Amino acid sequence: MPPRAPKRKSAPPNSLSVTSSDGSSVSSKAKTKGFVRIDRMFDSYANSSLGMIDPDGIEALCSDLGVDCTDVRILMLAWKLKAQRQGYFTQDEWRTGLKELRVDSISKLKKALPELEKEVGKPSNYDSFYSYAFRYCLTEEMQKSVDIESICELLNLVLGAQFRPQVDLLIEYLKVQSDYKVINLDQWINFLRFCQEINFPDLENYDATQAWPLILDNFVDWMREKHSSF
């Protein structure tokens, strides 16, 4: 944040803002100045013809950060920016997100990533991030579901570190089953609920009469048949 300007004793008591010699608001100028470094950083990655950071720009950003494009922290950054379109960051998204992160350089952003991971990991934020990860994959207008291959990659990315045994078996099942070609948001959210609530690997507290989607009933049946020792 820029330093606050000292109060002017001569300012009229009812004045809402101070006006410079060119007629513009000083407070407005200060606000704009606060984005100068952030905007300069944006411009270094943005496609000038599009006016936004595109997939090539994100790839360059990842290279400068020293992370892979498939690193979950890039998805976390997109969540923080509230990015609406996969593979693209608008200037408004960039400004808002980096301002919240208190970042205006690549070195500061690199240092902010561990804190961003902690922020996402808080229970109050994780559900939001998990749902966002699904919506971020909806690349077509009116699209409401994601193909199985992409879901498997996404499960590995966002849940693999926390629930590796469950995720590995769920991915194995999704790849061998033939009833579902795509997954919707309700099914996706229930994958997380399953990992959080169901004892694994014995599944003793799984009750098919409860409000579980059919795909999870089928997954449990498959698991019990495949791993009868459980």
# chains A, B, ... in the order shown; residues from 1 in each chain; ligands from 1
>>> residues_around(residues="Asp147 in chain A", least_positions_apart="5", cutoff="8 Å", atoms="only C-alpha atoms", output="list of chain:residue names")
A:Lys181, A:Val182, A:Ile183
>>> residues_around(residues="Lys111 in chain A", least_positions_apart="4", cutoff="12 Å", atoms="only C-alpha atoms", output="list in words")
Leu65, Gly66, Leu101, Arg102, Val103, Asp104, Ser105, Ile106, Ser107, Glu115, Leu116 and Glu117 of chain A
>>> write_last_selection(atoms="N, CA, C and O atoms", output="compact mmCIF listing (two decimals), in the first residue's frame")
# COMPACT_ATOMS: atom_id res chain seq x y z
N LEU A 65 7.78 -18.93 -11.69
CA LEU A 65 7.52 -19.36 -10.32
C LEU A 65 8.26 -20.65 -9.97
O LEU A 65 8.36 -21.02 -8.80
N GLY A 66 8.73 -21.35 -11.00
CA GLY A 66 9.42 -22.61 -10.78
C GLY A 66 8.48 -23.74 -10.44
O GLY A 66 8.85 -24.67 -9.72
N LEU A 101 -3.47 -10.89 -1.85
CA LEU A 101 -2.27 -11.62 -1.46
C LEU A 101 -1.12 -10.69 -1.04
O LEU A 101 -0.11 -11.16 -0.53
N ARG A 102 -1.31 -9.39 -1.26
CA ARG A 102 -0.28 -8.39 -0.95
C ARG A 102 1.00 -8.68 -1.74
O ARG A 102 2.10 -8.71 -1.21
N VAL A 103 0.79 -8.92 -3.01
CA VAL A 103 1.88 -9.32 -3.90
C VAL A 103 1.94 -8.36 -5.08
O VAL A 103 0.90 -8.01 -5.66
N ASP A 104 3.14 -7.91 -5.45
CA ASP A 104 3.29 -7.07 -6.64
C ASP A 104 4.56 -7.39 -7.42
O ASP A 104 5.04 -6.59 -8.22
N SER A 105 5.11 -8.59 -7.17
CA SER A 105 6.30 -9.03 -7.92
C SER A 105 6.31 -10.55 -7.95
O SER A 105 5.66 -11.21 -7.12
N ILE A 106 7.06 -11.11 -8.87
CA ILE A 106 7.12 -12.57 -8.99
C ILE A 106 7.77 -13.19 -7.76
O ILE A 106 7.36 -14.27 -7.31
N SER A 107 8.75 -12.51 -7.18
CA SER A 107 9.41 -13.06 -5.99
C SER A 107 8.45 -13.09 -4.80
O SER A 107 8.44 -14.04 -4.02
N GLU A 115 1.61 -19.79 1.85
CA GLU A 115 0.52 -19.23 2.64
C GLU A 115 -0.83 -19.44 1.95
O GLU A 115 -1.85 -19.64 2.61
N LEU A 116 -0.81 -19.40 0.62
CA LEU A 116 -2.03 -19.66 -0.13
C LEU A 116 -2.49 -21.10 0.09
O LEU A 116 -3.69 -21.37 0.24
N GLU A 117 -1.55 -22.03 0.12
CA GLU A 117 -1.88 -23.43 0.41
C GLU A 117 -2.54 -23.56 1.78
O GLU A 117 -3.53 -24.29 1.94
>>> residues_around(residues="range 189-196 of chain A", least_positions_apart="4", cutoff="7 Å", atoms="only C-alpha atoms", output="MDAnalysis selection string")
chainID A and resid 131 163 166 185
>>> write_last_selection(atoms="N, CA, C and O atoms", output="compact mmCIF listing (two decimals), in the first residue's frame")
# COMPACT_ATOMS: atom_id res chain seq x y z
N SER A 131 -15.19 -27.08 -4.92
CA SER A 131 -16.27 -26.83 -5.88
C SER A 131 -15.77 -26.01 -7.05
O SER A 131 -16.13 -26.25 -8.21
N PHE A 163 -6.14 -37.92 0.51
CA PHE A 163 -6.87 -39.19 0.53
C PHE A 163 -6.34 -40.14 -0.55
O PHE A 163 -7.10 -40.65 -1.37
N GLN A 166 -8.12 -43.76 -1.11
CA GLN A 166 -9.47 -43.62 -1.68
C GLN A 166 -9.42 -43.14 -3.13
O GLN A 166 -10.13 -43.67 -4.00
N LEU A 185 -21.68 -31.88 -10.89
CA LEU A 185 -21.19 -31.22 -9.67
C LEU A 185 -21.64 -31.95 -8.41
O LEU A 185 -20.86 -32.09 -7.45
>>> atom_distance(atom1="CA of Arg37 in chain A", atom2="CA of Gly121 in chain A")
28.7 Å
>>> residues_around(residues="Asp56 in chain A", least_positions_apart="4", cutoff="12 Å", atoms="only C-alpha atoms", output="list in words")
Ser44, Tyr45, Ala46, Asn47, Met52, Ala60, Leu61, Cys62, Ser63, Cys69, Gly87, Tyr88 and Phe89 of chain A
>>> write_last_selection(atoms="N, CA, C and O atoms", output="compact mmCIF listing (two decimals), in the first residue's frame")
# COMPACT_ATOMS: atom_id res chain seq x y z
N SER A 44 3.47 -8.06 -18.26
CA SER A 44 4.60 -8.89 -18.66
C SER A 44 4.17 -10.29 -19.07
O SER A 44 4.92 -11.00 -19.75
N TYR A 45 2.96 -10.69 -18.67
CA TYR A 45 2.46 -12.02 -19.03
C TYR A 45 1.25 -11.98 -19.96
O TYR A 45 0.87 -13.00 -20.55
N ALA A 46 0.64 -10.81 -20.10
CA ALA A 46 -0.62 -10.72 -20.86
C ALA A 46 -0.40 -10.76 -22.36
O ALA A 46 0.64 -10.34 -22.88
N ASN A 47 -1.39 -11.30 -23.05
CA ASN A 47 -1.46 -11.22 -24.51
C ASN A 47 -2.07 -9.86 -24.83
O ASN A 47 -3.23 -9.60 -24.55
N MET A 52 -5.56 -9.89 -21.79
CA MET A 52 -5.59 -10.78 -20.64
C MET A 52 -4.45 -11.77 -20.71
O MET A 52 -3.81 -11.93 -21.75
N ALA A 60 4.31 -19.14 -18.95
CA ALA A 60 5.47 -18.31 -18.63
C ALA A 60 5.50 -17.97 -17.14
O ALA A 60 6.56 -17.96 -16.51
N LEU A 61 4.34 -17.68 -16.58
CA LEU A 61 4.23 -17.40 -15.14
C LEU A 61 4.70 -18.60 -14.32
O LEU A 61 5.47 -18.45 -13.36
N CYS A 62 4.24 -19.78 -14.70
CA CYS A 62 4.64 -21.00 -13.99
C CYS A 62 6.15 -21.21 -14.07
O CYS A 62 6.78 -21.60 -13.08
N SER A 63 6.71 -20.93 -15.24
CA SER A 63 8.16 -21.07 -15.41
C SER A 63 8.90 -20.14 -14.47
O SER A 63 9.88 -20.53 -13.82
N CYS A 69 2.79 -26.39 -14.70
CA CYS A 69 1.45 -25.86 -15.00
C CYS A 69 0.35 -26.69 -14.36
O CYS A 69 -0.77 -26.20 -14.15
N GLY A 87 -7.56 -21.18 -17.90
CA GLY A 87 -6.41 -20.81 -18.71
C GLY A 87 -6.29 -19.33 -19.01
O GLY A 87 -5.39 -18.93 -19.77
N TYR A 88 -7.15 -18.51 -18.40
CA TYR A 88 -7.13 -17.07 -18.67
C TYR A 88 -7.32 -16.28 -17.37
O TYR A 88 -8.16 -16.64 -16.54
N PHE A 89 -6.54 -15.22 -17.21
CA PHE A 89 -6.70 -14.28 -16.09
C PHE A 89 -6.95 -12.90 -16.67
O PHE A 89 -6.12 -12.39 -17.45
>>> atom_distance(atom1="CA of Gly57 in chain A", atom2="CA of Ser145 in chain A")
27.0 Å
>>> residues_around(residues="range 152-154 of chain A", least_positions_apart="2", cutoff="10 Å", atoms="only C-alpha atoms", output="list in words")
Thr70, Val72, Tyr130, Ala133, Phe134, Cys137, Asp147, Ile148, Glu149, Ser150, Asn156, Leu157, Val158, Leu159, Gly160, Val167, Asp168, Leu170, Ile171, Glu172, Leu174 and Lys175 of chain A
>>> atom_distance(atom1="CA of Gln187 in chain A", atom2="CA of Ile215 in chain A")
7.7 Å
>>> select_by_dssp(residues="range 85-192 of chain A", states="strand (DSSP E)", output="number ranges by chain")
A: 89-90, 145-147, 182-184
>>> select_by_dssp(residues="range 60-116 of chain A", states="alpha helix (DSSP H)", output="PyMOL selection string")
chain A and resi 60-65+72-81+91-101+106-116
>>> write_last_selection(atoms="C-alpha atoms", output="PDB file, in the first residue's frame")
ATOM      1  CA  ALA A  60       5.472 -18.308 -18.630  1.00  0.00           C
ATOM      2  CA  LEU A  61       4.235 -17.401 -15.142  1.00  0.00           C
ATOM      3  CA  CYS A  62       4.637 -21.003 -13.994  1.00  0.00           C
ATOM      4  CA  SER A  63       8.156 -21.070 -15.413  1.00  0.00           C
ATOM      5  CA  ASP A  64       9.083 -17.926 -13.474  1.00  0.00           C
ATOM      6  CA  LEU A  65       7.523 -19.359 -10.317  1.00  0.00           C
ATOM      7  CA  VAL A  72      -2.290 -27.633  -7.634  1.00  0.00           C
ATOM      8  CA  ARG A  73      -0.987 -24.264  -6.441  1.00  0.00           C
ATOM      9  CA  ILE A  74      -1.747 -22.774  -9.862  1.00  0.00           C
ATOM     10  CA  LEU A  75      -5.341 -23.920  -9.447  1.00  0.00           C
ATOM     11  CA  MET A  76      -5.288 -22.364  -5.972  1.00  0.00           C
ATOM     12  CA  LEU A  77      -4.063 -19.116  -7.506  1.00  0.00           C
ATOM     13  CA  ALA A  78      -6.908 -19.213 -10.038  1.00  0.00           C
ATOM     14  CA  TRP A  79      -9.323 -19.719  -7.107  1.00  0.00           C
ATOM     15  CA  LYS A  80      -7.820 -16.730  -5.287  1.00  0.00           C
ATOM     16  CA  LEU A  81      -8.156 -14.610  -8.419  1.00  0.00           C
ATOM     17  CA  GLN A  91      -6.693  -7.725 -15.415  1.00  0.00           C
ATOM     18  CA  ASP A  92      -9.487  -7.197 -12.874  1.00  0.00           C
ATOM     19  CA  GLU A  93      -9.060 -10.763 -11.589  1.00  0.00           C
ATOM     20  CA  TRP A  94      -5.297 -10.263 -11.410  1.00  0.00           C
ATOM     21  CA  ARG A  95      -5.599  -6.954  -9.567  1.00  0.00           C
ATOM     22  CA  THR A  96      -8.107  -8.192  -7.012  1.00  0.00           C
ATOM     23  CA  GLY A  97      -6.309 -11.450  -6.257  1.00  0.00           C
ATOM     24  CA  LEU A  98      -2.790 -10.060  -6.033  1.00  0.00           C
ATOM     25  CA  LYS A  99      -3.978  -7.154  -3.904  1.00  0.00           C
ATOM     26  CA  GLU A 100      -5.504  -9.633  -1.435  1.00  0.00           C
ATOM     27  CA  LEU A 101      -2.267 -11.623  -1.463  1.00  0.00           C
ATOM     28  CA  ILE A 106       7.115 -12.572  -8.989  1.00  0.00           C
ATOM     29  CA  SER A 107       9.407 -13.060  -5.987  1.00  0.00           C
ATOM     30  CA  LYS A 108       6.626 -12.042  -3.596  1.00  0.00           C
ATOM     31  CA  LEU A 109       4.145 -14.310  -5.380  1.00  0.00           C
ATOM     32  CA  LYS A 110       6.564 -17.226  -5.071  1.00  0.00           C
ATOM     33  CA  LYS A 111       6.841 -16.583  -1.326  1.00  0.00           C
ATOM     34  CA  ALA A 112       3.049 -16.260  -1.035  1.00  0.00           C
ATOM     35  CA  LEU A 113       2.294 -19.719  -2.443  1.00  0.00           C
ATOM     36  CA  PRO A 114       2.867 -21.626   0.838  1.00  0.00           C
ATOM     37  CA  GLU A 115       0.517 -19.227   2.635  1.00  0.00           C
ATOM     38  CA  LEU A 116      -2.033 -19.664  -0.130  1.00  0.00           C
TER      39      LEU A 116
END
>>> decode(residues="range 82-113 of chain A", atoms="N, CA and C atoms", output="CSV table (one decimal), in the first residue's frame")
chain,number,residue,atom,x,y,z
A,82,LYS,N,-10.3,-15.7,-8.4
A,82,LYS,CA,-11.7,-15.9,-8.9
A,82,LYS,C,-11.8,-15.9,-10.4
A,83,ALA,N,-10.8,-16.6,-11.0
A,83,ALA,CA,-10.8,-16.6,-12.5
A,83,ALA,C,-12.0,-17.4,-13.0
A,84,GLN,N,-12.7,-16.8,-14.0
A,84,GLN,CA,-13.9,-17.4,-14.5
A,84,GLN,C,-13.7,-18.3,-15.7
A,85,ARG,N,-12.5,-18.2,-16.3
A,85,ARG,CA,-12.3,-19.0,-17.6
A,85,ARG,C,-11.0,-19.7,-17.4
A,86,GLN,N,-11.0,-21.0,-17.7
A,86,GLN,CA,-9.9,-21.9,-17.5
A,86,GLN,C,-8.7,-21.4,-18.5
A,87,GLY,N,-7.6,-21.2,-17.9
A,87,GLY,CA,-6.4,-20.8,-18.7
A,87,GLY,C,-6.3,-19.3,-19.0
A,88,TYR,N,-7.2,-18.5,-18.4
A,88,TYR,CA,-7.1,-17.1,-18.7
A,88,TYR,C,-7.3,-16.3,-17.4
A,89,PHE,N,-6.5,-15.2,-17.2
A,89,PHE,CA,-6.7,-14.3,-16.1
A,89,PHE,C,-6.9,-12.9,-16.7
A,90,THR,N,-8.1,-12.3,-16.3
A,90,THR,CA,-8.3,-10.9,-16.7
A,90,THR,C,-7.5,-9.9,-15.8
A,91,GLN,N,-7.4,-8.7,-16.2
A,91,GLN,CA,-6.7,-7.7,-15.4
A,91,GLN,C,-7.4,-7.5,-14.1
A,92,ASP,N,-8.7,-7.4,-14.1
A,92,ASP,CA,-9.5,-7.2,-12.9
A,92,ASP,C,-9.3,-8.4,-11.9
A,93,GLU,N,-9.3,-9.6,-12.4
A,93,GLU,CA,-9.1,-10.8,-11.6
A,93,GLU,C,-7.7,-10.7,-11.0
A,94,TRP,N,-6.7,-10.4,-11.8
A,94,TRP,CA,-5.3,-10.3,-11.4
A,94,TRP,C,-5.1,-9.2,-10.3
A,95,ARG,N,-5.7,-8.1,-10.5
A,95,ARG,CA,-5.6,-7.0,-9.6
A,95,ARG,C,-6.2,-7.3,-8.2
A,96,THR,N,-7.4,-7.9,-8.3
A,96,THR,CA,-8.1,-8.2,-7.0
A,96,THR,C,-7.4,-9.3,-6.2
A,97,GLY,N,-7.0,-10.3,-6.9
A,97,GLY,CA,-6.3,-11.4,-6.3
A,97,GLY,C,-4.9,-11.1,-5.7
A,98,LEU,N,-4.1,-10.4,-6.5
A,98,LEU,CA,-2.8,-10.1,-6.0
A,98,LEU,C,-2.8,-9.0,-4.9
A,99,LYS,N,-3.8,-8.1,-5.0
A,99,LYS,CA,-4.0,-7.2,-3.9
A,99,LYS,C,-4.3,-7.9,-2.6
A,100,GLU,N,-5.2,-8.9,-2.6
A,100,GLU,CA,-5.5,-9.6,-1.4
A,100,GLU,C,-4.3,-10.4,-0.9
A,101,LEU,N,-3.5,-10.9,-1.8
A,101,LEU,CA,-2.3,-11.6,-1.5
A,101,LEU,C,-1.1,-10.7,-1.0
A,102,ARG,N,-1.3,-9.4,-1.3
A,102,ARG,CA,-0.3,-8.4,-1.0
A,102,ARG,C,1.0,-8.7,-1.7
A,103,VAL,N,0.8,-8.9,-3.0
A,103,VAL,CA,1.9,-9.3,-3.9
A,103,VAL,C,1.9,-8.4,-5.1
A,104,ASP,N,3.1,-7.9,-5.5
A,104,ASP,CA,3.3,-7.1,-6.6
A,104,ASP,C,4.6,-7.4,-7.4
A,105,SER,N,5.1,-8.6,-7.2
A,105,SER,CA,6.3,-9.0,-7.9
A,105,SER,C,6.3,-10.6,-7.9
A,106,ILE,N,7.1,-11.1,-8.9
A,106,ILE,CA,7.1,-12.6,-9.0
A,106,ILE,C,7.8,-13.2,-7.8
A,107,SER,N,8.8,-12.5,-7.2
A,107,SER,CA,9.4,-13.1,-6.0
A,107,SER,C,8.5,-13.1,-4.8
A,108,LYS,N,7.6,-12.1,-4.7
A,108,LYS,CA,6.6,-12.0,-3.6
A,108,LYS,C,5.5,-13.1,-3.8
A,109,LEU,N,5.2,-13.3,-5.1
A,109,LEU,CA,4.1,-14.3,-5.4
A,109,LEU,C,4.7,-15.7,-5.1
A,110,LYS,N,5.9,-15.9,-5.4
A,110,LYS,CA,6.6,-17.2,-5.1
A,110,LYS,C,6.5,-17.5,-3.6
A,111,LYS,N,6.8,-16.4,-2.8
A,111,LYS,CA,6.8,-16.6,-1.3
A,111,LYS,C,5.4,-16.7,-0.8
A,112,ALA,N,4.4,-16.2,-1.5
A,112,ALA,CA,3.0,-16.3,-1.0
A,112,ALA,C,2.4,-17.6,-1.2
A,113,LEU,N,2.9,-18.4,-2.1
A,113,LEU,CA,2.3,-19.7,-2.4
A,113,LEU,C,2.1,-20.6,-1.2
